[in-house]
Structures are given as C-alpha cells and as structure tokens.
Amino acid sequence: MLESRLRIQSKNEDKPDLSVQNLLSCNFYCEGCEGGDSSLVAKFVSEFDIYPESCYEYTATDGACENLCDTSKVKERYSVSDWYYIGGHYGSSTEAEMMKELRARGPFVVSIEPPQDIFVYESGIYETIYDDELNADPT
C-alpha cells in the first residue's frame, strides 16, 4: 500500500521496493508473522524509517531486527508524516469514504471481522451459515 501511494504521490517517479522483513522483524508494535494491527504498522512507519528490500531481504520468518543493513549508508529511506483511520476511528468508515480516499490518495489497508464460520470455509464463494441474529453472537 505504501509503495503504491508513494508512486502515485511522485507521479511514478519514485518506485520504491520496501522491505517487508524490516516491518516483520523490527516493528515492536506488531506480532511479526503472527499478524497484528495494520494501524500499528502505520504508527511504526510514522516514528521510524522503513528501508528498501535490498537493506533487509524477505525471509518469511520472524526474527530479531539484526540483519538490517548499515542504515547510515542507505540513501533511500521512507516514513509517513501522518496516518489516520478513514472515518475518524476504527470501524467507522463508510463505502463512500473509502472510495473517496482511494481516488484521492490511492490504496489503503483494510481489516475485516468475519463471522466464526470463516474458519471452516473451504472453497468457492463464501457465504455465512449464520443468520444475522446468530452472526452477532455465534456462541
């Protein structure tokens, strides 16, 4: 998402290849490969630089933030000056607000909270087996 937004902002002049491993291993706000909150990734990138893929290549594992290159020699580093929830706070955005944000600034991260039956989904088009009343509290 950040790579795409940077390309849009720079009119495709800046084409970063950002290090995912940098975020997985160095972001102490998140849970590495176990997931986490996307807003905490934004918080991290607003407080610390994120480096190119060449500085910390993807290993698809959790790990300590120790394989980062010599960052004093890295010319291209990125950060964000601000981050926010579309709609003002978590869970308050509307489809119209999301479309407006997409058109104005490009792609953004979304999270979904699916019903419990998603964990037994196997294939095809997903449709919940719970009705609306049960879906609110499947226990």
# chains A, B, ... in the order shown; residues from 1 in each chain; ligands from 1
>>> select_by_dssp(residues="stretch 1-138 of chain A", states="helix (DSSP H, G or I)", output="ChimeraX atom specification")
/A:2-9,20-26,32-34,38-47,53-55,71-73,95-105,116-120,132-136
>>> write_last_selection(atoms="C-alpha atoms", output="PDB file, in the first residue's frame")
ATOM      1  CA  LEU A   2       2.751   2.443   0.953  1.00  0.00           C
ATOM      2  CA  GLU A   3       4.733   1.656  -2.206  1.00  0.00           C
ATOM      3  CA  SER A   4       1.679   2.366  -4.358  1.00  0.00           C
ATOM      4  CA  ARG A   5       0.834   5.584  -2.538  1.00  0.00           C
ATOM      5  CA  LEU A   6       4.422   6.803  -2.955  1.00  0.00           C
ATOM      6  CA  ARG A   7       4.292   6.043  -6.682  1.00  0.00           C
ATOM      7  CA  ILE A   8       1.023   7.970  -7.003  1.00  0.00           C
ATOM      8  CA  GLN A   9       2.321  10.913  -4.973  1.00  0.00           C
ATOM      9  CA  VAL A  20       8.551  -6.317   4.325  1.00  0.00           C
ATOM     10  CA  GLN A  21      11.072  -8.084   6.567  1.00  0.00           C
ATOM     11  CA  ASN A  22      12.002  -4.734   8.103  1.00  0.00           C
ATOM     12  CA  LEU A  23       8.389  -4.423   9.267  1.00  0.00           C
ATOM     13  CA  LEU A  24       8.089  -8.049  10.387  1.00  0.00           C
ATOM     14  CA  SER A  25      11.303  -8.148  12.396  1.00  0.00           C
ATOM     15  CA  CYS A  26      11.863  -4.566  13.549  1.00  0.00           C
ATOM     16  CA  GLY A  32       5.506 -10.384  13.091  1.00  0.00           C
ATOM     17  CA  CYS A  33       4.300 -13.334  11.051  1.00  0.00           C
ATOM     18  CA  GLU A  34       1.530 -13.937  13.590  1.00  0.00           C
ATOM     19  CA  SER A  38      -2.357  -2.593  10.463  1.00  0.00           C
ATOM     20  CA  SER A  39      -2.628   0.750  12.231  1.00  0.00           C
ATOM     21  CA  LEU A  40       0.371  -0.233  14.330  1.00  0.00           C
ATOM     22  CA  VAL A  41       2.395  -0.722  11.138  1.00  0.00           C
ATOM     23  CA  ALA A  42       1.463   2.848  10.192  1.00  0.00           C
ATOM     24  CA  LYS A  43       2.404   4.024  13.688  1.00  0.00           C
ATOM     25  CA  PHE A  44       5.813   2.350  13.368  1.00  0.00           C
ATOM     26  CA  VAL A  45       6.498   3.847   9.934  1.00  0.00           C
ATOM     27  CA  SER A  46       5.462   7.280  11.237  1.00  0.00           C
ATOM     28  CA  GLU A  47       8.037   7.004  14.047  1.00  0.00           C
ATOM     29  CA  GLU A  53      14.111  -4.507   0.255  1.00  0.00           C
ATOM     30  CA  SER A  54      17.831  -4.548  -0.580  1.00  0.00           C
ATOM     31  CA  CYS A  55      18.558  -3.449   3.005  1.00  0.00           C
ATOM     32  CA  THR A  71      21.386   2.171   7.574  1.00  0.00           C
ATOM     33  CA  SER A  72      23.817   5.080   7.710  1.00  0.00           C
ATOM     34  CA  LYS A  73      24.738   4.217   4.104  1.00  0.00           C
ATOM     35  CA  GLU A  95     -18.011   2.712   1.474  1.00  0.00           C
ATOM     36  CA  ALA A  96     -18.307   6.296   0.190  1.00  0.00           C
ATOM     37  CA  GLU A  97     -15.429   7.483   2.412  1.00  0.00           C
ATOM     38  CA  MET A  98     -13.256   4.563   1.301  1.00  0.00           C
ATOM     39  CA  MET A  99     -13.963   5.308  -2.379  1.00  0.00           C
ATOM     40  CA  LYS A 100     -13.102   8.970  -1.811  1.00  0.00           C
ATOM     41  CA  GLU A 101      -9.789   8.056  -0.108  1.00  0.00           C
ATOM     42  CA  LEU A 102      -8.895   5.591  -2.858  1.00  0.00           C
ATOM     43  CA  ARG A 103      -9.489   8.179  -5.546  1.00  0.00           C
ATOM     44  CA  ALA A 104      -7.656  10.960  -3.680  1.00  0.00           C
ATOM     45  CA  ARG A 105      -4.576   9.121  -2.433  1.00  0.00           C
ATOM     46  CA  GLN A 116     -16.735 -17.503  13.095  1.00  0.00           C
ATOM     47  CA  ASP A 117     -17.741 -19.865  10.310  1.00  0.00           C
ATOM     48  CA  ILE A 118     -14.979 -18.414   8.106  1.00  0.00           C
ATOM     49  CA  PHE A 119     -12.681 -20.871   9.877  1.00  0.00           C
ATOM     50  CA  VAL A 120     -14.459 -23.832   8.265  1.00  0.00           C
ATOM     51  CA  ASP A 132     -27.935 -12.119  11.220  1.00  0.00           C
ATOM     52  CA  GLU A 133     -29.137 -12.844  14.737  1.00  0.00           C
ATOM     53  CA  LEU A 134     -26.724 -15.725  15.280  1.00  0.00           C
ATOM     54  CA  ASN A 135     -23.914 -13.927  13.458  1.00  0.00           C
ATOM     55  CA  ALA A 136     -23.901 -11.209  16.110  1.00  0.00           C
TER      56      ALA A 136
END
>>> atom_distance(atom1="atom CA of A:Phe48", atom2="atom CA of A:Ser81")
10.4 Å
>>> atom_distance(atom1="atom CA of A:Asn67", atom2="atom CA of A:Ser19")
11.8 Å
>>> atom_distance(atom1="atom CA of A:Tyr56", atom2="atom CA of A:Lys75")
14.3 Å
